[in-house]
$ cat target.csv   # CSV, C-alpha atoms
chain,number,residue,atom,x,y,z
A,1,MET,CA,119.4,122.0,99.2
A,2,MET,CA,120.3,119.3,96.7
A,3,ASN,CA,120.6,120.1,93.1
A,4,GLU,CA,118.6,118.2,90.5
A,5,GLU,CA,121.4,115.9,89.6
A,6,ASP,CA,121.8,114.8,93.2
A,7,VAL,CA,118.1,114.4,93.6
A,8,GLN,CA,118.0,112.1,90.5
A,9,PHE,CA,121.1,110.1,91.7
A,10,TRP,CA,119.9,109.5,95.3
A,11,SER,CA,116.4,108.7,94.0
A,12,LYS,CA,117.8,106.1,91.8
A,13,VAL,CA,119.8,104.7,94.7
A,14,SER,CA,116.7,104.6,96.9
A,15,LYS,CA,114.7,102.7,94.3
A,16,LYS,CA,117.6,100.2,94.1
A,17,ILE,CA,117.5,99.8,97.9
A,18,ILE,CA,113.8,99.2,97.8
A,19,GLU,CA,114.1,96.6,95.0
A,20,GLU,CA,117.0,94.8,96.7
A,21,ALA,CA,115.4,94.8,100.2
A,22,GLN,CA,112.1,93.6,98.8
A,23,MET,CA,113.8,90.6,97.2
A,24,ALA,CA,115.9,89.9,100.3
A,25,ILE,CA,113.0,89.6,102.7
A,26,LEU,CA,110.7,87.7,100.4
A,27,PRO,CA,111.7,84.2,101.6
A,28,LEU,CA,111.1,85.3,105.2
A,29,VAL,CA,107.6,86.8,104.8
A,30,GLY,CA,105.0,84.7,106.5
A,31,THR,CA,107.6,82.5,108.2
A,32,ILE,CA,108.5,81.7,111.8
A,33,LYS,CA,112.2,81.9,111.0
A,34,GLY,CA,111.8,85.5,109.9
A,35,GLY,CA,110.5,86.4,113.4
A,36,GLU,CA,113.6,85.0,115.2
A,37,ILE,CA,115.1,87.7,117.5
A,38,VAL,CA,118.7,88.1,116.6
A,39,LYS,CA,119.8,91.1,118.7
A,40,MET,CA,118.6,94.3,120.3
A,41,GLY,CA,118.3,97.2,117.9
A,42,ALA,CA,119.8,100.7,118.4
A,43,ASP,CA,116.3,102.0,119.1
A,44,GLY,CA,116.0,99.7,122.2
A,45,THR,CA,113.6,97.2,120.6
A,46,PRO,CA,114.3,93.6,119.6
A,47,THR,CA,115.6,93.1,116.0
A,48,LYS,CA,114.0,90.2,114.2
A,49,LEU,CA,115.8,88.3,111.4
A,50,ILE,CA,113.6,89.8,108.7
A,51,ASP,CA,114.5,93.3,109.9
A,52,LEU,CA,118.2,92.6,109.9
A,53,VAL,CA,118.1,91.1,106.4
A,54,ALA,CA,116.3,94.2,105.1
A,55,GLU,CA,118.7,96.6,106.8
A,56,ASN,CA,121.8,94.7,105.7
A,57,LYS,CA,120.6,95.1,102.1
A,58,VAL,CA,120.3,98.9,102.7
A,59,VAL,CA,123.9,99.1,103.9
A,60,GLU,CA,125.1,97.0,101.0
A,61,VAL,CA,123.5,99.2,98.3
A,62,LEU,CA,124.8,102.4,99.9
A,63,GLU,CA,128.3,100.9,100.1
A,64,ASP,CA,128.1,100.1,96.4
A,65,THR,CA,127.6,103.7,95.5
A,66,GLY,CA,131.1,104.6,96.5
A,67,ARG,CA,129.8,107.8,98.0
A,68,SER,CA,130.0,109.2,101.5
A,69,VAL,CA,126.7,108.7,103.3
A,70,THR,CA,125.3,108.7,106.9
A,71,LEU,CA,122.7,106.0,107.4
A,72,ILE,CA,120.2,106.4,110.3
A,73,SER,CA,118.2,103.2,110.8
A,74,GLU,CA,116.3,101.5,113.6
A,75,GLU,CA,118.5,98.4,114.0
A,76,ILE,CA,122.0,99.8,113.4
A,77,GLY,CA,121.5,103.3,114.7
A,78,GLU,CA,123.8,105.8,113.0
A,79,PHE,CA,126.3,104.3,110.5
A,80,LYS,CA,128.9,106.0,108.4
A,81,VAL,CA,129.4,104.7,104.9
A,82,GLY,CA,132.5,105.9,102.9
A,83,GLU,CA,135.2,108.3,103.6
A,84,GLY,CA,135.1,112.0,104.4
A,85,SER,CA,132.1,114.2,105.2
A,86,SER,CA,128.8,112.7,104.3
A,87,GLU,CA,127.0,114.1,101.2
A,88,VAL,CA,123.6,113.0,102.4
A,89,VAL,CA,121.8,111.4,105.4
A,90,PHE,CA,119.6,108.5,104.7
A,91,VAL,CA,116.9,107.9,107.3
A,92,VAL,CA,115.5,104.4,106.8
A,93,ASP,CA,113.0,102.1,108.3
A,94,PRO,CA,113.9,98.9,106.4
A,95,LEU,CA,110.7,97.2,107.4
A,96,ASP,CA,107.8,99.1,108.9
A,97,GLY,CA,105.1,96.7,109.9
A,98,THR,CA,107.3,93.7,110.8
A,99,SER,CA,104.5,91.8,112.5
A,100,ASN,CA,102.3,92.2,109.4
A,101,ALA,CA,105.1,90.8,107.2
A,102,LEU,CA,105.5,87.8,109.5
A,103,LYS,CA,101.8,87.1,109.4
A,104,ASN,CA,101.7,87.8,105.7
A,105,ILE,CA,99.2,90.6,106.2
A,106,PRO,CA,99.6,92.9,103.1
A,107,ALA,CA,100.6,96.1,104.9
A,108,TYR,CA,104.4,96.3,105.5
A,109,ALA,CA,106.7,98.8,103.9
A,110,ILE,CA,110.2,100.3,103.5
A,111,SER,CA,110.5,104.0,104.2
A,112,ILE,CA,113.5,106.0,102.9
A,113,ALA,CA,114.0,109.7,103.6
A,114,ILE,CA,117.0,111.8,102.5
A,115,ALA,CA,118.4,115.0,103.8
A,116,ASP,CA,121.3,117.1,102.4
A,117,ALA,CA,124.2,116.7,104.8
A,118,SER,CA,125.7,120.1,104.4
A,119,GLY,CA,124.3,121.0,107.8
A,120,ILE,CA,126.3,118.2,109.5
A,121,HIS,CA,128.7,119.7,112.0
A,122,LYS,CA,130.3,116.5,113.2
A,123,THR,CA,130.8,113.5,111.0
A,124,HIS,CA,131.1,110.0,112.6
A,125,LYS,CA,134.6,108.8,111.7
A,126,ASN,CA,135.4,105.2,111.4
A,127,LEU,CA,138.8,104.5,113.0
A,128,GLU,CA,138.5,100.7,112.9
A,129,ASN,CA,137.8,100.0,109.2
A,130,PRO,CA,140.1,101.7,106.7
A,131,SER,CA,137.7,100.9,103.9
A,132,GLY,CA,135.5,103.7,105.3
A,133,SER,CA,132.4,101.8,106.3
A,134,GLN,CA,131.8,100.0,109.6
A,135,ASN,CA,130.9,96.3,109.9
A,136,ILE,CA,127.1,96.1,110.4
A,137,ASN,CA,127.6,94.1,113.6
A,138,SER,CA,130.3,96.3,115.0
A,139,LYS,CA,129.8,97.6,118.5
A,140,THR,CA,131.4,100.9,117.4
A,141,SER,CA,128.3,101.7,115.4
A,142,LYS,CA,126.8,104.6,117.3
A,143,ASN,CA,123.2,105.3,118.0
A,144,GLN,CA,123.8,108.9,119.2
A,145,PRO,CA,123.0,111.8,116.9
A,146,GLN,CA,126.1,113.1,115.0
A,147,ASN,CA,124.4,116.1,113.6
A,148,GLN,CA,121.7,118.7,114.1
A,149,LEU,CA,119.5,117.9,111.1
A,150,THR,CA,115.8,117.6,111.8
A,151,ILE,CA,112.9,116.1,110.1
A,152,GLU,CA,112.3,119.5,108.4
A,153,ASP,CA,115.5,119.0,106.5
A,154,ILE,CA,114.2,115.9,104.6
A,155,GLU,CA,114.1,116.6,100.8
A,156,ILE,CA,113.3,113.3,99.3
A,157,GLY,CA,110.9,110.6,100.6
A,158,PHE,CA,109.9,107.1,99.4
A,159,VAL,CA,107.5,104.7,101.0
A,160,LYS,CA,106.7,101.4,99.3
A,161,ASN,CA,104.1,98.9,100.4
A,162,LEU,CA,106.1,95.8,99.8
A,163,ALA,CA,103.0,93.6,99.7
A,164,THR,CA,101.1,95.5,97.1
A,165,GLY,CA,103.9,97.2,95.2
A,166,ASP,CA,102.4,100.7,95.7
A,167,LEU,CA,105.3,103.3,95.7
A,168,TYR,CA,104.8,106.7,97.2
A,169,GLU,CA,107.4,109.3,96.6
A,170,ALA,CA,108.0,113.0,97.0
A,171,VAL,CA,110.7,115.7,96.4
A,172,LYS,CA,110.4,118.8,98.4
A,173,GLY,CA,108.8,121.6,96.4
A,174,GLN,CA,107.9,119.2,93.5
A,175,GLY,CA,104.8,117.4,94.8
A,176,ALA,CA,104.1,113.8,95.6
A,177,MET,CA,103.2,110.7,93.5
A,178,LEU,CA,101.8,107.2,93.8
A,179,ASN,CA,103.0,104.8,91.2
A,180,GLY,CA,104.0,107.8,89.0
A,181,LYS,CA,100.7,109.7,89.3
A,182,LYS,CA,100.1,112.9,91.2
A,183,LEU,CA,98.7,112.4,94.7
A,184,VAL,CA,95.4,114.1,95.5
A,185,PRO,CA,94.3,114.1,99.2
A,186,SER,CA,90.7,113.9,100.4
A,187,THR,CA,88.5,117.0,100.3
A,188,GLN,CA,86.4,115.9,103.2
A,189,GLU,CA,85.8,118.7,105.7
A,190,ASP,CA,83.1,117.1,107.9
A,191,ILE,CA,84.7,115.2,110.8
A,192,SER,CA,81.6,113.1,111.3
A,193,LYS,CA,82.0,111.7,107.8
A,194,SER,CA,85.8,111.2,108.1
A,195,SER,CA,87.8,108.0,108.0
A,196,ILE,CA,90.7,108.0,110.4
A,197,GLY,CA,93.7,105.7,110.8
A,198,ALA,CA,95.3,105.4,114.3
A,199,TYR,CA,97.9,103.7,116.4
A,200,ILE,CA,96.2,103.4,119.8
A,201,TYR,CA,98.2,100.7,121.6
A,202,ARG,CA,98.9,102.2,125.1
A,203,ALA,CA,97.4,105.5,124.1
A,204,GLU,CA,95.1,107.6,126.4
A,205,MET,CA,91.9,105.7,125.7
A,206,ASN,CA,89.6,108.5,127.0
A,207,LYS,CA,90.9,110.7,124.2
A,208,VAL,CA,90.7,108.0,121.6
A,209,ASP,CA,87.2,107.2,122.7
A,210,LYS,CA,86.1,110.8,122.2
A,211,LEU,CA,87.6,110.8,118.7
A,212,CYS,CA,86.0,107.4,117.8
A,213,LYS,CA,82.6,108.9,118.7
A,214,ALA,CA,83.2,111.9,116.5
A,215,VAL,CA,84.3,110.2,113.2
A,216,ARG,CA,82.6,107.9,110.9
A,217,ARG,CA,85.1,105.1,111.0
A,218,MET,CA,88.6,104.3,112.4
A,219,ARG,CA,91.2,101.8,111.0
A,220,ILE,CA,94.3,100.2,112.5
A,221,LEU,CA,96.6,98.6,110.1
A,222,GLY,CA,99.9,98.3,111.9
A,223,SER,CA,102.2,100.2,109.5
A,224,VAL,CA,102.5,103.9,110.3
A,225,ALA,CA,104.4,104.7,107.1
A,226,ILE,CA,101.7,103.2,104.9
A,227,GLU,CA,98.9,104.7,106.9
A,228,LEU,CA,100.4,108.2,106.7
A,229,CYS,CA,100.6,107.8,103.0
A,230,TYR,CA,96.9,106.9,103.0
A,231,VAL,CA,96.3,110.5,104.2
A,232,ALA,CA,98.2,111.7,101.1
A,233,ASP,CA,96.2,109.6,98.6
A,234,SER,CA,92.7,110.1,100.2
A,235,THR,CA,92.3,106.6,101.5
A,236,TYR,CA,92.3,108.2,105.0
A,237,ASP,CA,91.2,111.7,105.9
A,238,ALA,CA,93.7,111.7,108.9
A,239,PHE,CA,96.0,109.6,110.9
A,240,ILE,CA,96.8,109.9,114.6
A,241,ASP,CA,99.4,108.5,117.1
A,242,ILE,CA,99.1,110.3,120.4
A,243,ARG,CA,101.4,108.1,122.6
A,244,GLY,CA,104.3,110.5,122.2
A,245,ASN,CA,106.4,107.4,121.4
A,246,LEU,CA,106.5,107.4,117.6
A,247,ARG,CA,110.0,107.2,116.1
A,248,ILE,CA,111.0,110.1,113.9
A,249,VAL,CA,112.6,107.4,111.7
A,250,ASP,CA,109.2,105.9,111.0
A,251,ILE,CA,107.6,109.1,109.7
A,252,SER,CA,110.4,111.1,108.0
A,253,ALA,CA,109.5,110.1,104.5
A,254,ALA,CA,105.7,110.0,104.9
A,255,LYS,CA,105.6,113.4,106.5
A,256,LEU,CA,107.2,115.0,103.4
A,257,ILE,CA,104.8,113.0,101.1
A,258,ILE,CA,101.8,114.4,103.0
A,259,GLU,CA,103.0,117.9,103.1
A,260,GLU,CA,103.7,117.8,99.3
A,261,THR,CA,100.0,117.2,98.9
A,262,ARG,CA,99.3,120.3,101.1
A,263,GLY,CA,98.2,118.1,104.0
A,264,ILE,CA,98.9,119.2,107.6
A,265,VAL,CA,101.3,117.4,110.0
A,266,THR,CA,101.8,118.4,113.6
A,267,ASP,CA,102.2,116.9,117.0
A,268,GLU,CA,99.3,116.4,119.4
A,269,LYS,CA,99.7,119.9,120.7
A,270,CYS,CA,99.4,121.4,117.2
A,271,GLN,CA,103.1,122.2,117.1
A,272,PRO,CA,105.3,121.6,114.0
A,273,LEU,CA,107.4,118.4,114.0
A,274,ASN,CA,111.1,119.3,114.4
A,275,GLY,CA,112.6,116.2,115.9
A,276,LYS,CA,116.3,115.5,115.2
A,277,LEU,CA,117.2,112.7,112.8
A,278,ASN,CA,118.2,109.9,115.1
A,279,VAL,CA,116.6,106.6,116.2
A,280,LEU,CA,115.9,107.8,119.7
A,281,GLU,CA,113.8,110.8,118.8
A,282,ARG,CA,110.1,110.3,119.5
A,283,THR,CA,106.9,112.3,118.9
A,284,SER,CA,103.2,112.2,118.7
A,285,ILE,CA,101.5,113.0,115.3
A,286,ILE,CA,98.3,114.3,113.9
A,287,ALA,CA,98.3,114.2,110.1
A,288,ALA,CA,95.2,115.4,108.1
A,289,CYS,CA,94.2,116.0,104.6
A,290,ASN,CA,93.3,119.7,105.3
A,291,PRO,CA,93.3,122.3,108.0
A,292,ILE,CA,89.7,121.9,108.9
A,293,ILE,CA,89.8,118.2,109.7
A,294,HIS,CA,93.2,118.7,111.5
A,295,SER,CA,91.7,121.5,113.7
A,296,ASP,CA,88.7,119.4,114.6
A,297,ILE,CA,90.8,116.4,115.6
A,298,ILE,CA,93.1,118.7,117.7
A,299,GLN,CA,90.1,120.2,119.5
A,300,ILE,CA,88.5,116.8,120.2
A,301,LEU,CA,91.8,115.5,121.6
A,302,GLY,CA,92.1,118.6,123.8
A,303,GLY,CA,95.4,119.8,122.2
A,304,ILE,CA,94.3,123.4,121.9

$ encode --input "target.csv" --output "structure tokens"
Amino acid sequence: MMNEEDVQFWSKVSKKIIEEAQMAILPLVGTIKGGEIVKMGADGTPTKLIDLVAENKVVEVLEDTGRSVTLISEEIGEFKVGEGSSEVVFVVDPLDGTSNALKNIPAYAISIAIADASGIHKTHKNLENPSGSQNINSKTSKNQPQNQLTIEDIEIGFVKNLATGDLYEAVKGQGAMLNGKKLVPSTQEDISKSSIGAYIYRAEMNKVDKLCKAVRRMRILGSVAIELCYVADSTYDAFIDIRGNLRIVDISAAKLIIEETRGIVTDEKCQPLNGKLNVLERTSIIAACNPIIHSDIIQILGGI
């Protein structure tokens, strides 16, 4: 576990990353240029220019700390900053909701989750750059997991809607906040009156259809990090993604934020999320404001 001094330091670094990344992508929001594909990301999906610009800024800020860090991010994979064993692991989605940003739809975010690196058994060593950090375009940047840390090891989480300025944050055991105020989730316990967020592209539509008929309304915004945080702040009563293809990177911060409001987060089979911290790890997710709504959704989907 991180001590309070470390929590404060890395939180300050995270907020600087958010500020710098937000400014860096601003000229590309709502543009065709921002959507140009520049390479294939470490997660196997195309990287657009706006994604790369955001991620480059993450690397730049981490390098400026002068500390030893492992970065896990969608485009670069796993990237070692600094010399010696990493103090922390940053799990970052530099731009969640890229398509929204390119269309200037106000639902796109940066997600930052931080874990204490004391559990790392194998540190990725840079043998090609004596300064201690790899070039962002280097083919030596690995996308294979270098440690056994899981999403359960996350201790700090930030999600900022870059379009609205809303900042969600949480420290394990200390609660969660939105723009500096304590988050309070929905108290809704009637599934028929609930509002649910979902990512249903390529999902099993027979299951989704059953859920649609059981709830009052369903929303699809295209930014998982933001929509999960909506469960924490009572905008949604729950959020689901049952494809089994949701990246752990995308949800690492928001999961902590929900759980710090005493919300419930599991996979589709009602099992705890324990995926390893790497860009290849995938899962399904059922996140709800309370155990009653969560249980009802699981039963409707046939998970138990």

$ closest_residue --input "target.csv" --among "A:Val184, A:Ile251, A:Ile300, A:Ile293" --to "Val208 (chain A)" --atoms "only C-alpha atoms"
A:Ile300

$ residues_around --input "target.csv" --residues "Asn100 (chain A)" --least-positions-apart "2" --cutoff "9 Å" --atoms "all atoms listed in the file" --output "ChimeraX atom specification"
/A:29-30,96-98,102-108,221-223

$ closest_residue --input "target.csv" --among "A:Ile298, A:Ala214, A:Ala232, A:Ile50" --to "Lys269 (chain A)" --atoms "all atoms listed in the file"
A:Ile298

$ residues_near_point --input "target.csv" --point "(120.9, 113.8, 106.8)" --cutoff "9 Å" --atoms "all atoms listed in the file" --output "list in words"
Val69, Thr70, Leu71, Ile72, Ser86, Glu87, Val88, Val89, Phe90, Val91, Ala113, Ile114, Ala115, Asp116, Ala117, Ser118, Gly119, Ile120, Asn147, Gln148, Leu149, Thr150, Ile151, Asp153, Ile154 and Leu277 of chain A

$ closest_residue --input "target.csv" --among "A:Asp233, A:Met177, A:Leu301, A:Ile242" --to "Lys213 (chain A)" --atoms "all atoms listed in the file"
A:Leu301

$ residues_near_point --input "target.csv" --point "(115.6, 100.3, 122.7)" --cutoff "12 Å" --atoms "all atoms listed in the file" --output "number ranges by chain"
A: 39-47, 74-77, 143, 245, 247, 279-282

$ closest_residue --input "target.csv" --among "A:Ser195, A:Glu4, A:Asn290, A:Pro94" --to "Cys212 (chain A)" --atoms "only C-alpha atoms"
A:Ser195

$ residues_around --input "target.csv" --residues "Ala109 (chain A)" --least-positions-apart "4" --cutoff "7 Å" --atoms "only C-alpha atoms" --output "list in words"
Leu95, Asp96, Gly97, Val159, Lys160, Asn161, Leu162 and Ile226 of chain A

$ closest_residue --input "target.csv" --among "A:Ile258, A:Leu178, A:Val58, A:Leu228" --to "Ala198 (chain A)" --atoms "all atoms listed in the file"
A:Leu228

$ closest_residue --input "target.csv" --among "A:Ser186, A:Thr65, A:Thr283, A:Ser99" --to "Val13 (chain A)" --atoms "only C-alpha atoms"
A:Thr65

$ decode --input "target.csv" --residues "region 177-195 of chain A" --atoms "N, CA, C and O atoms" --output "PDB file, in the first residue's frame"
ATOM      1  N   MET A 177     -14.842  11.108  -5.217  1.00  0.00           N
ATOM      2  CA  MET A 177     -15.355  12.466  -5.357  1.00  0.00           C
ATOM      3  C   MET A 177     -15.580  12.819  -6.819  1.00  0.00           C
ATOM      4  O   MET A 177     -14.934  12.270  -7.714  1.00  0.00           O
ATOM      5  N   LEU A 178     -16.497  13.744  -7.035  1.00  0.00           N
ATOM      6  CA  LEU A 178     -16.710  14.382  -8.335  1.00  0.00           C
ATOM      7  C   LEU A 178     -16.531  15.873  -8.139  1.00  0.00           C
ATOM      8  O   LEU A 178     -17.263  16.500  -7.367  1.00  0.00           O
ATOM      9  N   ASN A 179     -15.516  16.423  -8.798  1.00  0.00           N
ATOM     10  CA  ASN A 179     -15.210  17.855  -8.683  1.00  0.00           C
ATOM     11  C   ASN A 179     -15.082  18.297  -7.221  1.00  0.00           C
ATOM     12  O   ASN A 179     -15.548  19.365  -6.818  1.00  0.00           O
ATOM     13  N   GLY A 180     -14.449  17.428  -6.423  1.00  0.00           N
ATOM     14  CA  GLY A 180     -14.173  17.760  -5.030  1.00  0.00           C
ATOM     15  C   GLY A 180     -15.285  17.460  -4.049  1.00  0.00           C
ATOM     16  O   GLY A 180     -15.113  17.649  -2.841  1.00  0.00           O
ATOM     17  N   LYS A 181     -16.430  16.977  -4.532  1.00  0.00           N
ATOM     18  CA  LYS A 181     -17.546  16.661  -3.644  1.00  0.00           C
ATOM     19  C   LYS A 181     -17.778  15.157  -3.593  1.00  0.00           C
ATOM     20  O   LYS A 181     -17.652  14.467  -4.600  1.00  0.00           O
ATOM     21  N   LYS A 182     -18.137  14.656  -2.410  1.00  0.00           N
ATOM     22  CA  LYS A 182     -18.325  13.231  -2.214  1.00  0.00           C
ATOM     23  C   LYS A 182     -19.382  12.668  -3.154  1.00  0.00           C
ATOM     24  O   LYS A 182     -20.456  13.241  -3.324  1.00  0.00           O
ATOM     25  N   LEU A 183     -19.054  11.548  -3.768  1.00  0.00           N
ATOM     26  CA  LEU A 183     -19.985  10.894  -4.674  1.00  0.00           C
ATOM     27  C   LEU A 183     -21.017  10.084  -3.909  1.00  0.00           C
ATOM     28  O   LEU A 183     -20.684   9.353  -2.967  1.00  0.00           O
ATOM     29  N   VAL A 184     -22.260  10.184  -4.339  1.00  0.00           N
ATOM     30  CA  VAL A 184     -23.352   9.416  -3.739  1.00  0.00           C
ATOM     31  C   VAL A 184     -24.092   8.695  -4.861  1.00  0.00           C
ATOM     32  O   VAL A 184     -24.661   9.342  -5.750  1.00  0.00           O
ATOM     33  N   PRO A 185     -24.104   7.363  -4.858  1.00  0.00           N
ATOM     34  CA  PRO A 185     -24.774   6.625  -5.931  1.00  0.00           C
ATOM     35  C   PRO A 185     -26.289   6.619  -5.768  1.00  0.00           C
ATOM     36  O   PRO A 185     -26.824   7.026  -4.734  1.00  0.00           O
ATOM     37  N   SER A 186     -26.963   6.132  -6.783  1.00  0.00           N
ATOM     38  CA  SER A 186     -28.419   6.020  -6.759  1.00  0.00           C
ATOM     39  C   SER A 186     -28.870   5.043  -5.665  1.00  0.00           C
ATOM     40  O   SER A 186     -28.183   4.078  -5.344  1.00  0.00           O
ATOM     41  N   THR A 187     -30.036   5.313  -5.126  1.00  0.00           N
ATOM     42  CA  THR A 187     -30.646   4.406  -4.139  1.00  0.00           C
ATOM     43  C   THR A 187     -31.761   3.573  -4.774  1.00  0.00           C
ATOM     44  O   THR A 187     -32.500   2.887  -4.077  1.00  0.00           O
ATOM     45  N   GLN A 188     -31.874   3.621  -6.082  1.00  0.00           N
ATOM     46  CA  GLN A 188     -32.924   2.880  -6.791  1.00  0.00           C
ATOM     47  C   GLN A 188     -32.784   1.370  -6.570  1.00  0.00           C
ATOM     48  O   GLN A 188     -31.698   0.818  -6.738  1.00  0.00           O
ATOM     49  N   GLU A 189     -33.855   0.731  -6.194  1.00  0.00           N
ATOM     50  CA  GLU A 189     -33.836  -0.721  -5.978  1.00  0.00           C
ATOM     51  C   GLU A 189     -34.842  -1.455  -6.856  1.00  0.00           C
ATOM     52  O   GLU A 189     -34.928  -2.685  -6.799  1.00  0.00           O
ATOM     53  N   ASP A 190     -35.595  -0.708  -7.656  1.00  0.00           N
ATOM     54  CA  ASP A 190     -36.597  -1.307  -8.537  1.00  0.00           C
ATOM     55  C   ASP A 190     -36.051  -1.337  -9.959  1.00  0.00           C
ATOM     56  O   ASP A 190     -35.891  -0.286 -10.586  1.00  0.00           O
ATOM     57  N   ILE A 191     -35.764  -2.524 -10.469  1.00  0.00           N
ATOM     58  CA  ILE A 191     -35.156  -2.643 -11.793  1.00  0.00           C
ATOM     59  C   ILE A 191     -36.040  -2.045 -12.873  1.00  0.00           C
ATOM     60  O   ILE A 191     -35.551  -1.506 -13.869  1.00  0.00           O
ATOM     61  N   SER A 192     -37.347  -2.076 -12.688  1.00  0.00           N
ATOM     62  CA  SER A 192     -38.271  -1.556 -13.694  1.00  0.00           C
ATOM     63  C   SER A 192     -38.240  -0.030 -13.782  1.00  0.00           C
ATOM     64  O   SER A 192     -38.737   0.554 -14.738  1.00  0.00           O
ATOM     65  N   LYS A 193     -37.645   0.620 -12.801  1.00  0.00           N
ATOM     66  CA  LYS A 193     -37.528   2.067 -12.799  1.00  0.00           C
ATOM     67  C   LYS A 193     -36.087   2.528 -13.039  1.00  0.00           C
ATOM     68  O   LYS A 193     -35.785   3.718 -12.940  1.00  0.00           O
ATOM     69  N   SER A 194     -35.224   1.600 -13.356  1.00  0.00           N
ATOM     70  CA  SER A 194     -33.796   1.896 -13.435  1.00  0.00           C
ATOM     71  C   SER A 194     -33.372   2.452 -14.791  1.00  0.00           C
ATOM     72  O   SER A 194     -33.999   2.204 -15.816  1.00  0.00           O
ATOM     73  N   SER A 195     -32.272   3.201 -14.763  1.00  0.00           N
ATOM     74  CA  SER A 195     -31.622   3.715 -15.965  1.00  0.00           C
ATOM     75  C   SER A 195     -30.274   3.013 -16.103  1.00  0.00           C
ATOM     76  O   SER A 195     -29.441   3.068 -15.194  1.00  0.00           O
TER      77      SER A 195
END
